[in-house]
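Student: File follows, start09.pdb with PDB, C-alpha atoms and all ligand atoms:
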```pdb
ATOM      1  CA  MET A  12       0.000   0.000   0.000
ATOM      2  CA  MET A  13       1.230   3.509  -0.842
ATOM      3  CA  ASP A  14       2.084   5.958   1.893
ATOM      4  CA  PRO A  15      -1.173   7.751   2.858
ATOM      5  CA  ARG A  16       0.851  10.911   3.374
ATOM      6  CA  ALA A  17       1.625  11.034  -0.354
ATOM      7  CA  SER A  18      -1.361  13.303  -0.998
ATOM      8  CA  LEU A  19      -0.099  15.791   1.563
ATOM      9  CA  SER A  20       3.172  16.213  -0.327
ATOM     10  CA  CYS A  21       1.349  16.738  -3.637
ATOM     11  CA  SER A  22       0.254  20.362  -3.769
ATOM     12  CA  ASN A  23      -2.563  20.013  -6.256
ATOM     13  CA  SER A  24      -5.732  22.091  -5.766
ATOM     14  CA  VAL A  25      -8.075  19.185  -6.496
ATOM     15  CA  LEU A  26      -6.458  17.116  -3.732
ATOM     16  CA  SER A  27      -6.021  19.959  -1.260
ATOM     17  CA  ALA A  28      -9.722  20.902  -1.581
ATOM     18  CA  LEU A  29     -10.693  17.529  -0.097
ATOM     19  CA  SER A  30     -11.281  17.111   3.624
ATOM     20  CA  GLY A  31      -8.644  15.313   5.702
ATOM     21  CA  PRO A  32     -10.326  11.866   5.731
ATOM     22  CA  ASP A  33     -11.094  12.013   1.989
ATOM     23  CA  ARG A  34      -7.542  13.112   1.237
ATOM     24  CA  ASP A  35      -6.020  10.427   3.434
ATOM     25  CA  ARG A  36      -8.153   7.676   1.875
ATOM     26  CA  LEU A  37      -7.186   8.835  -1.620
ATOM     27  CA  GLY A  38      -3.566   9.180  -0.515
ATOM     28  CA  ALA A  39      -3.369   5.414  -0.056
ATOM     29  CA  HIS A  40      -3.662   5.130  -3.859
ATOM     30  CA  LEU A  41      -1.371   8.021  -4.838
ATOM     31  CA  LYS A  42       2.220   7.659  -5.917
ATOM     32  CA  PRO A  43       4.491  10.734  -6.076
ATOM     33  CA  VAL A  44       6.379  10.878  -9.390
ATOM     34  CA  LYS A  45       8.794  13.225 -11.129
ATOM     35  CA  LEU A  46       7.803  14.034 -14.706
ATOM     36  CA  LYS A  47      10.422  15.221 -17.190
ATOM     37  CA  GLN A  48       9.957  17.751 -19.993
ATOM     38  CA  GLY A  49       9.218  16.005 -23.284
ATOM     39  CA  ASP A  50       7.870  12.797 -21.716
ATOM     40  CA  PHE A  51       4.494  11.763 -23.102
ATOM     41  CA  LEU A  52       1.902  10.710 -20.528
ATOM     42  CA  TYR A  53      -0.524   9.644 -23.262
ATOM     43  CA  HIS A  54      -0.606   9.404 -27.009
ATOM     44  CA  ALA A  55      -3.894  10.112 -28.750
ATOM     45  CA  GLY A  56      -6.180   7.096 -28.895
ATOM     46  CA  GLN A  57      -4.202   4.988 -26.450
ATOM     47  CA  LYS A  58      -5.877   3.554 -23.389
ATOM     48  CA  ILE A  59      -5.407   5.671 -20.266
ATOM     49  CA  GLU A  60      -3.287   3.705 -17.770
ATOM     50  CA  ARG A  61      -2.866   6.339 -15.059
ATOM     51  CA  VAL A  62      -4.351   9.658 -14.020
ATOM     52  CA  TYR A  63      -2.074  12.511 -12.900
ATOM     53  CA  PHE A  64      -2.443  15.331 -10.392
ATOM     54  CA  PRO A  65       0.287  17.845 -11.332
ATOM     55  CA  ALA A  66       2.034  19.666  -8.501
ATOM     56  CA  SER A  67       5.091  21.588  -9.718
ATOM     57  CA  CYS A  68       5.046  20.194 -13.280
ATOM     58  CA  LEU A  69       3.027  21.589 -16.188
ATOM     59  CA  ILE A  70       1.360  19.320 -18.736
ATOM     60  CA  SER A  71       0.405  20.286 -22.298
ATOM     61  CA  VAL A  72      -2.507  18.532 -23.970
ATOM     62  CA  LEU A  73      -1.878  18.478 -27.726
ATOM     63  CA  ALA A  74      -3.694  17.747 -30.954
ATOM     64  CA  GLU A  75      -1.148  16.164 -33.305
ATOM     65  CA  LEU A  76      -1.707  16.505 -37.045
ATOM     66  CA  SER A  77      -0.704  14.157 -39.844
ATOM     67  CA  ASN A  78       1.693  16.776 -41.284
ATOM     68  CA  GLY A  79       3.831  16.633 -38.144
ATOM     69  CA  TYR A  80       2.524  19.853 -36.626
ATOM     70  CA  SER A  81       0.818  19.927 -33.266
ATOM     71  CA  VAL A  82      -1.262  22.515 -31.420
ATOM     72  CA  GLU A  83      -1.659  22.872 -27.697
ATOM     73  CA  LEU A  84      -5.282  22.606 -26.580
ATOM     74  CA  MET A  85      -4.697  23.389 -22.936
ATOM     75  CA  GLN A  86      -2.182  23.300 -20.147
ATOM     76  CA  VAL A  87      -2.832  21.516 -16.893
ATOM     77  CA  GLY A  88      -0.855  22.477 -13.810
ATOM     78  CA  ASN A  89      -1.531  22.187 -10.111
ATOM     79  CA  HIS A  90      -5.160  23.301 -10.541
ATOM     80  CA  GLY A  91      -6.178  20.299 -12.618
ATOM     81  CA  VAL A  92      -6.220  16.601 -13.376
ATOM     82  CA  VAL A  93      -4.694  14.947 -16.443
ATOM     83  CA  GLY A  94      -6.654  11.969 -17.713
ATOM     84  CA  ALA A  95      -9.907  13.069 -16.079
ATOM     85  CA  PHE A  96     -11.675  12.152 -19.323
ATOM     86  CA  LEU A  97     -12.097   8.824 -17.544
ATOM     87  CA  ALA A  98     -14.701  10.524 -15.380
ATOM     88  CA  LEU A  99     -16.771  11.073 -18.530
ATOM     89  CA  GLY A 100     -16.671   7.359 -19.273
ATOM     90  CA  SER A 101     -13.944   7.496 -21.915
ATOM     91  CA  PRO A 102     -11.170   4.878 -21.472
ATOM     92  CA  GLN A 103      -8.862   6.810 -23.787
ATOM     93  CA  LEU A 104      -7.858  10.398 -24.410
ATOM     94  CA  PRO A 105      -8.496  11.670 -27.957
ATOM     95  CA  TYR A 106      -5.385  13.856 -27.623
ATOM     96  CA  SER A 107      -1.786  13.504 -26.477
ATOM     97  CA  ALA A 108      -0.356  14.836 -23.228
ATOM     98  CA  VAL A 109       3.308  15.826 -22.913
ATOM     99  CA  VAL A 110       5.277  17.273 -20.024
ATOM    100  CA  CYS A 111       5.954  20.953 -20.739
ATOM    101  CA  VAL A 112       7.756  21.797 -17.483
ATOM    102  CA  THR A 113       9.642  19.194 -15.445
ATOM    103  CA  GLY A 114       8.326  18.731 -11.923
ATOM    104  CA  ALA A 115       6.418  16.689  -9.391
ATOM    105  CA  ALA A 116       2.999  15.078  -9.682
ATOM    106  CA  CYS A 117       1.001  12.316  -8.067
ATOM    107  CA  GLN A 118      -0.312   9.459 -10.144
ATOM    108  CA  ILE A 119      -3.197   7.114  -9.443
ATOM    109  CA  SER A 120      -4.296   3.939 -11.197
ATOM    110  CA  VAL A 121      -7.324   4.027 -13.460
ATOM    111  CA  GLN A 122      -9.196   1.592 -11.239
ATOM    112  CA  ALA A 123      -8.616   3.594  -8.055
ATOM    113  CA  PHE A 124      -9.550   6.857  -9.808
ATOM    114  CA  VAL A 125     -12.794   5.435 -11.189
ATOM    115  CA  ASN A 126     -13.725   3.819  -7.865
ATOM    116  CA  GLU A 127     -13.177   7.076  -5.994
ATOM    117  CA  PHE A 128     -15.047   9.102  -8.597
ATOM    118  CA  LYS A 129     -18.056   6.789  -8.476
ATOM    119  CA  SER A 130     -18.245   6.417  -4.724
ATOM    120  CA  GLU A 131     -17.036   9.673  -3.178
ATOM    121  CA  TRP A 132     -19.133  12.754  -3.943
ATOM    122  CA  ALA A 133     -16.533  15.279  -2.691
ATOM    123  CA  PHE A 134     -13.902  13.875  -5.057
ATOM    124  CA  GLN A 135     -16.489  13.724  -7.835
ATOM    125  CA  ALA A 136     -17.329  17.413  -7.285
ATOM    126  CA  GLU A 137     -13.674  18.500  -7.366
ATOM    127  CA  VAL A 138     -12.853  16.491 -10.499
ATOM    128  CA  SER A 139     -16.007  17.827 -12.193
ATOM    129  CA  ASN A 140     -14.969  21.386 -11.340
ATOM    130  CA  SER A 141     -11.585  20.709 -12.852
ATOM    131  CA  LEU A 142     -13.146  19.286 -16.022
ATOM    132  CA  ARG A 143     -15.406  22.332 -16.376
ATOM    133  CA  TRP A 144     -12.592  24.838 -16.368
ATOM    134  CA  GLN A 145     -10.414  22.624 -18.548
ATOM    135  CA  LEU A 146     -13.134  22.474 -21.208
ATOM    136  CA  SER A 147     -13.542  26.257 -20.972
ATOM    137  CA  ALA A 148      -9.778  26.621 -21.379
ATOM    138  CA  VAL A 149      -9.880  24.517 -24.552
ATOM    139  CA  ALA A 150     -12.613  26.788 -25.936
ATOM    140  CA  GLN A 151     -10.511  29.864 -25.134
ATOM    141  CA  ASN A 152      -7.494  28.297 -26.853
ATOM    142  CA  VAL A 153      -9.567  27.800 -30.018
ATOM    143  CA  VAL A 154     -10.275  31.537 -29.966
ATOM    144  CA  CYS A 155      -6.588  32.200 -29.284
ATOM    145  CA  ALA A 156      -5.345  30.126 -32.231
ATOM    146  CA  GLN A 157      -7.803  31.840 -34.592
ATOM    147  CA  MET A 158      -7.596  35.438 -33.435
ATOM    148  CA  HIS A 159      -4.199  36.150 -31.907
ATOM    149  CA  THR A 160      -0.734  36.509 -33.377
ATOM    150  CA  ILE A 161       2.219  34.237 -32.736
ATOM    151  CA  VAL A 162       3.876  37.023 -30.711
ATOM    152  CA  GLN A 163       0.806  37.442 -28.471
ATOM    153  CA  ARG A 164       0.370  33.690 -28.055
ATOM    154  CA  MET A 165       4.020  33.118 -27.255
ATOM    155  CA  ALA A 166       3.935  35.865 -24.606
ATOM    156  CA  THR A 167       0.849  34.188 -23.105
ATOM    157  CA  LEU A 168       2.557  30.793 -23.129
ATOM    158  CA  LEU A 169       5.686  32.142 -21.432
ATOM    159  CA  LEU A 170       3.597  33.839 -18.723
ATOM    160  CA  ARG A 171       1.722  30.600 -18.010
ATOM    161  CA  ILE A 172       5.005  28.728 -17.699
ATOM    162  CA  ASP A 173       6.403  31.515 -15.513
ATOM    163  CA  ASP A 174       3.391  31.065 -13.205
ATOM    164  CA  SER A 175       4.214  27.377 -12.976
ATOM    165  CA  VAL A 176       7.945  27.786 -12.267
ATOM    166  CA  ARG A 177       7.353  30.850 -10.043
ATOM    167  CA  GLY A 178       9.883  33.070 -11.714
ATOM    168  CA  ALA A 179      12.658  30.485 -12.067
ATOM    169  CA  GLU A 180      14.645  29.863 -15.249
ATOM    170  CA  PHE A 181      13.268  26.991 -17.328
ATOM    171  CA  PRO A 182      14.597  24.958 -20.284
ATOM    172  CA  MET A 183      12.686  25.494 -23.522
ATOM    173  CA  THR A 184      13.718  25.131 -27.154
ATOM    174  CA  HIS A 185      12.247  26.971 -30.126
ATOM    175  CA  GLU A 186      11.160  23.610 -31.497
ATOM    176  CA  PHE A 187       9.230  22.729 -28.335
ATOM    177  CA  ILE A 188       7.473  26.121 -28.304
ATOM    178  CA  GLY A 189       6.669  25.689 -32.002
ATOM    179  CA  ASN A 190       5.062  22.307 -31.231
ATOM    180  CA  LEU A 191       2.870  23.911 -28.589
ATOM    181  CA  LEU A 192       1.822  26.879 -30.697
ATOM    182  CA  GLY A 193       1.527  25.119 -34.048
ATOM    183  CA  SER A 194       4.153  27.488 -35.455
ATOM    184  CA  SER A 195       7.383  27.071 -37.359
ATOM    185  CA  ARG A 196      10.726  27.294 -35.614
ATOM    186  CA  PRO A 197      11.757  30.491 -37.510
ATOM    187  CA  GLU A 198       8.566  32.244 -36.364
ATOM    188  CA  VAL A 199       9.272  31.270 -32.767
ATOM    189  CA  ALA A 200      12.946  32.274 -33.069
ATOM    190  CA  LYS A 201      11.948  35.703 -34.398
ATOM    191  CA  ALA A 202       9.478  36.305 -31.552
ATOM    192  CA  ALA A 203      12.033  35.105 -28.968
ATOM    193  CA  HIS A 204      14.657  37.421 -30.467
ATOM    194  CA  ASN A 205      12.273  40.378 -30.214
ATOM    195  CA  PHE A 206      11.397  39.563 -26.589
ATOM    196  CA  ARG A 207      15.075  39.327 -25.734
ATOM    197  CA  ALA A 208      15.980  42.521 -27.584
ATOM    198  CA  ALA A 209      13.207  44.348 -25.705
ATOM    199  CA  GLY A 210      14.601  43.092 -22.374
ATOM    200  CA  ARG A 211      11.545  40.973 -21.571
ATOM    201  CA  ILE A 212      13.314  37.590 -21.394
ATOM    202  CA  GLN A 213      16.793  36.189 -21.027
ATOM    203  CA  TYR A 214      17.439  33.305 -23.373
ATOM    204  CA  THR A 215      20.737  31.499 -23.033
ATOM    205  CA  ARG A 216      21.758  27.956 -23.933
ATOM    206  CA  GLY A 217      18.159  26.812 -24.288
ATOM    207  CA  ASN A 218      17.036  28.285 -20.959
ATOM    208  CA  ILE A 219      14.483  31.080 -20.630
ATOM    209  CA  LYS A 220      13.962  33.442 -17.732
ATOM    210  CA  ILE A 221      11.277  36.112 -17.648
ATOM    211  CA  VAL A 222      12.920  39.354 -16.537
ATOM    212  CA  ASP A 223      10.196  41.891 -17.439
ATOM    213  CA  ARG A 224       6.901  40.267 -16.579
ATOM    214  CA  SER A 225       4.803  43.430 -16.844
ATOM    215  CA  GLY A 226       6.274  44.097 -20.294
ATOM    216  CA  LEU A 227       5.377  40.581 -21.401
ATOM    217  CA  GLU A 228       1.840  41.004 -19.991
ATOM    218  CA  LYS A 229       1.373  44.061 -22.223
ATOM    219  CA  VAL A 230       2.201  41.938 -25.285
ATOM    220  CA  ALA A 231       0.225  38.826 -24.262
ATOM    221  CA  CYS A 232      -3.313  38.308 -25.515
ATOM    222  CA  GLU A 233      -6.357  38.472 -23.247
ATOM    223  CA  CYS A 234      -6.384  34.660 -23.109
ATOM    224  CA  TYR A 235      -3.724  34.718 -20.406
ATOM    225  CA  ARG A 236      -6.002  36.517 -17.954
ATOM    226  CA  THR A 237      -9.151  34.713 -19.098
ATOM    227  CA  ILE A 238      -7.700  31.250 -18.484
ATOM    228  CA  ARG A 239      -6.123  32.318 -15.216
ATOM    229  CA  GLU A 240      -9.505  33.563 -13.995
ATOM    230  CA  LEU A 241     -11.086  30.264 -15.047
ATOM    231  CA  GLN A 242      -8.560  28.425 -12.860
ATOM    232  CA  ASP A 243      -8.902  30.771  -9.901
ATOM    233  CA  ASN A 244     -12.728  30.739  -9.974
ATOM    234  CA  ARG A 245     -13.159  27.047 -10.593
TER     235      ARG A 245
HETATM  236 ZN    ZN B 301      -4.993  34.441 -27.140
END
```
Starting from the file, give its structure as structure tokens.
Tutor:
Amino acid sequence: MMDPRASLSCSNSVLSALSGPDRDRLGAHLKPVKLKQGDFLYHAGQKIERVYFPASCLISVLAELSNGYSVELMQVGNHGVVGAFLALGSPQLPYSAVVCVTGAACQISVQAFVNEFKSEWAFQAEVSNSLRWQLSAVAQNVVCAQMHTIVQRMATLLLRIDDSVRGAEFPMTHEFIGNLLGSSRPEVAKAAHNFRAAGRIQYTRGNIKIVDRSGLEKVACECYRTIRELQDNR
């Protein structure tokens, strides 16, 4: 049996919203894991084997196209659950999920997740809340991809990551950003160069650090604030 205290070391809003007894019972099924940037948790169409509660990591849910491009549909950090599609009765995710920022998470088996969701109303309510804002975030990202420029979207992406890493430097290549935004590497490189030239980011040896957050917020599209409010008001 897993250590019941595992849930206490996993700072995820869905878990921390549960009462002590509910959290402790769930904790018996949780396993703390470290997830590394670039690792895929799921590929589209594959059966879901585990559900994840991100803590310090950030997960990108992607639609991958046959031409090799991909577009990020949403990001799930410590406010959400990855693989919660199971709660809707789907044994597989129609999209892929890749680790965007390395960090900690807690994982739970499919069976334990489904059992808890079916039998414990408090857990059911928290997971449902998470699903609601995640679906709203996907809708906002559709608007974003249609209406906002690569520069605006990249500023929004960097701010979301900065929220996750709390101001720390993080590794990120142009190629990885391009995969998230559905953009070519030259487009990403040009935007990154402009951000650096304007003193908004430092970008050295594949690592990015936000140094002028308010400047980046002025460039970012409204989606940054909209999705943040969805998370905070879930
Ligand atoms: Zn946008």
Student: Return the single residue from A:Val93, A:Leu26, A:Ala148, A:Ala209 that is closest to ligand ZN 301 (chain B), with distances computed using all atoms listed in the file.
Tutor: A:Ala148
Student: Using only C-alpha atoms and all ligand atoms, determine which residues fall within 8 Å of ligand ZN 301 (chain B), then list them as a PDB file with C-alpha atoms, keeping the file's coordinate frame.
Tutor:
```
ATOM      1  CA  GLN A 151     -10.511  29.864 -25.134  1.00  0.00           C
ATOM      2  CA  ASN A 152      -7.494  28.297 -26.853  1.00  0.00           C
ATOM      3  CA  VAL A 154     -10.275  31.537 -29.966  1.00  0.00           C
ATOM      4  CA  CYS A 155      -6.588  32.200 -29.284  1.00  0.00           C
ATOM      5  CA  ALA A 156      -5.345  30.126 -32.231  1.00  0.00           C
ATOM      6  CA  MET A 158      -7.596  35.438 -33.435  1.00  0.00           C
ATOM      7  CA  HIS A 159      -4.199  36.150 -31.907  1.00  0.00           C
ATOM      8  CA  THR A 160      -0.734  36.509 -33.377  1.00  0.00           C
ATOM      9  CA  GLN A 163       0.806  37.442 -28.471  1.00  0.00           C
ATOM     10  CA  ARG A 164       0.370  33.690 -28.055  1.00  0.00           C
ATOM     11  CA  THR A 167       0.849  34.188 -23.105  1.00  0.00           C
ATOM     12  CA  ALA A 231       0.225  38.826 -24.262  1.00  0.00           C
ATOM     13  CA  CYS A 232      -3.313  38.308 -25.515  1.00  0.00           C
ATOM     14  CA  GLU A 233      -6.357  38.472 -23.247  1.00  0.00           C
ATOM     15  CA  CYS A 234      -6.384  34.660 -23.109  1.00  0.00           C
ATOM     16  CA  TYR A 235      -3.724  34.718 -20.406  1.00  0.00           C
TER      17      TYR A 235
END
```
Student: For atom CA of A:Thr184 and atom CA of A:Asn218, determine how far apart the two atoms are, in Å to one decimal place.
Tutor: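 Value for the atom CA of A:Thr184-atom CA of A:Asn218 distance: 7.7 Å.
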Student: Might you pull out every residue within 12 Å of A:Leu241, with all atoms listed in the file counted and same-chain residues fewer than 5 positions away left off, and present them as a list in words?
Tutor: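 Once the adjacent positions are removed, what remains is His90, Gly91, Asn140, Ser141, Leu142, Arg143, Trp144, Gln145, Leu146, Ser147, Ala148, Val149, Ala150, Gln151, Cys234, Tyr235 and Arg236 of chain A.
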Student: Which residue, A:Asp174, A:Glu83, A:Asp33, A:Glu180, has the smallest gap to A:Arg216 when you use only C-alpha atoms?
Tutor: A:Glu180
Student: Applying the PyMOL selection byres (((chain A and resi 118) around 6) and not hetatm) to the file I just gave you, which residues come out? Please list them as a list in words.
Tutor: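 Given this file, the PyMOL selection byres (((chain A and resi 118) around 6) and not hetatm) evaluates to Leu41, Lys42, Val62, Tyr63, Cys117 and Ile119 of chain A.
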Student: For the residues in the current selection, export C-alpha atoms as a PDB file, in the frame of the given file.
Tutor:
```
ATOM      1  CA  LEU A  41      -1.371   8.021  -4.838  1.00  0.00           C
ATOM      2  CA  LYS A  42       2.220   7.659  -5.917  1.00  0.00           C
ATOM      3  CA  VAL A  62      -4.351   9.658 -14.020  1.00  0.00           C
ATOM      4  CA  TYR A  63      -2.074  12.511 -12.900  1.00  0.00           C
ATOM      5  CA  CYS A 117       1.001  12.316  -8.067  1.00  0.00           C
ATOM      6  CA  ILE A 119      -3.197   7.114  -9.443  1.00  0.00           C
TER       7      ILE A 119
END
```
Student: Smallest atom-to-atom distance to A:Gly114: which of A:Gln48, A:Gln135, A:Ser22, A:Gln57, using only C-alpha atoms?
Tutor: A:Gln48
Student: What's the separation between atom CA of A:Gln157 and atom CA of A:Phe96, in Å to one decimal place?
Tutor: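 Spanning atom CA of A:Gln157 to atom CA of A:Phe96 is a straight-line distance of 25.2 Å.
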Student: Decode the PyMOL selection byres (((chain A and resi 195-197) around 12) and not hetatm) for the given file into explicit residues and return them as a PDB file with C-alpha atoms, in the coordinates of the input.
Tutor:
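Below you can see part36.pdb, which holds the result:
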```pdb
ATOM      1  CA  GLY A  79       3.831  16.633 -38.144  1.00  0.00           C
ATOM      2  CA  TYR A  80       2.524  19.853 -36.626  1.00  0.00           C
ATOM      3  CA  SER A  81       0.818  19.927 -33.266  1.00  0.00           C
ATOM      4  CA  VAL A  82      -1.262  22.515 -31.420  1.00  0.00           C
ATOM      5  CA  ILE A 161       2.219  34.237 -32.736  1.00  0.00           C
ATOM      6  CA  THR A 184      13.718  25.131 -27.154  1.00  0.00           C
ATOM      7  CA  HIS A 185      12.247  26.971 -30.126  1.00  0.00           C
ATOM      8  CA  GLU A 186      11.160  23.610 -31.497  1.00  0.00           C
ATOM      9  CA  PHE A 187       9.230  22.729 -28.335  1.00  0.00           C
ATOM     10  CA  ILE A 188       7.473  26.121 -28.304  1.00  0.00           C
ATOM     11  CA  GLY A 189       6.669  25.689 -32.002  1.00  0.00           C
ATOM     12  CA  ASN A 190       5.062  22.307 -31.231  1.00  0.00           C
ATOM     13  CA  LEU A 191       2.870  23.911 -28.589  1.00  0.00           C
ATOM     14  CA  LEU A 192       1.822  26.879 -30.697  1.00  0.00           C
ATOM     15  CA  GLY A 193       1.527  25.119 -34.048  1.00  0.00           C
ATOM     16  CA  SER A 194       4.153  27.488 -35.455  1.00  0.00           C
ATOM     17  CA  GLU A 198       8.566  32.244 -36.364  1.00  0.00           C
ATOM     18  CA  VAL A 199       9.272  31.270 -32.767  1.00  0.00           C
ATOM     19  CA  ALA A 200      12.946  32.274 -33.069  1.00  0.00           C
ATOM     20  CA  LYS A 201      11.948  35.703 -34.398  1.00  0.00           C
ATOM     21  CA  ALA A 202       9.478  36.305 -31.552  1.00  0.00           C
ATOM     22  CA  ALA A 203      12.033  35.105 -28.968  1.00  0.00           C
ATOM     23  CA  HIS A 204      14.657  37.421 -30.467  1.00  0.00           C
TER      24      HIS A 204
END
```
Student: Rounded to one decimal, what separation in Å do you get between atom CA of A:His54 and atom CA of A:Ala166?
Tutor: 27.0 Å
Student: Do you know which residues are at most 9 Å from A:Ala179 counting all atoms listed in the file, after dropping those on the same chain fewer than 4 positions away, and could you put them as number ranges by chain?
Tutor: A: 173, 219-221
Student: Go through A:Val176, A:Val153, A:Leu169, A:Ala95 and flag the residue nearest A:Ser120, using only C-alpha atoms for the distances.
Tutor: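 Nearest to A:Ser120: A:Ala95.
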Student: Where does the PyMOL selection byres (((chain A and resi 108-111) around 8) and not hetatm) land in this file, that is, which residues does it pick, as a ChimeraX atom specification?
Tutor: /A:46-54,68-73,106-107,112-113
Student: Quick one: 4 Å padding each side, axis-aligned, all listed atoms of stretch 96-110 of chain A - centre and edge lengths in Å to one decimal, as lines of an AutoDock Vina configuration file?
Tutor:
```
center_x = -5.7
center_y = 11.1
center_z = -21.7
size_x = 30.0
size_y = 20.4
size_z = 20.6
```
Student: Residues near A:Gly210, anyone? I mean within 9 Å using all atoms listed in the file, not counting same-chain ones fewer than 6 positions away, as a list of chain:residue names.
Tutor: A:Val222, A:Asp223, A:Gly226
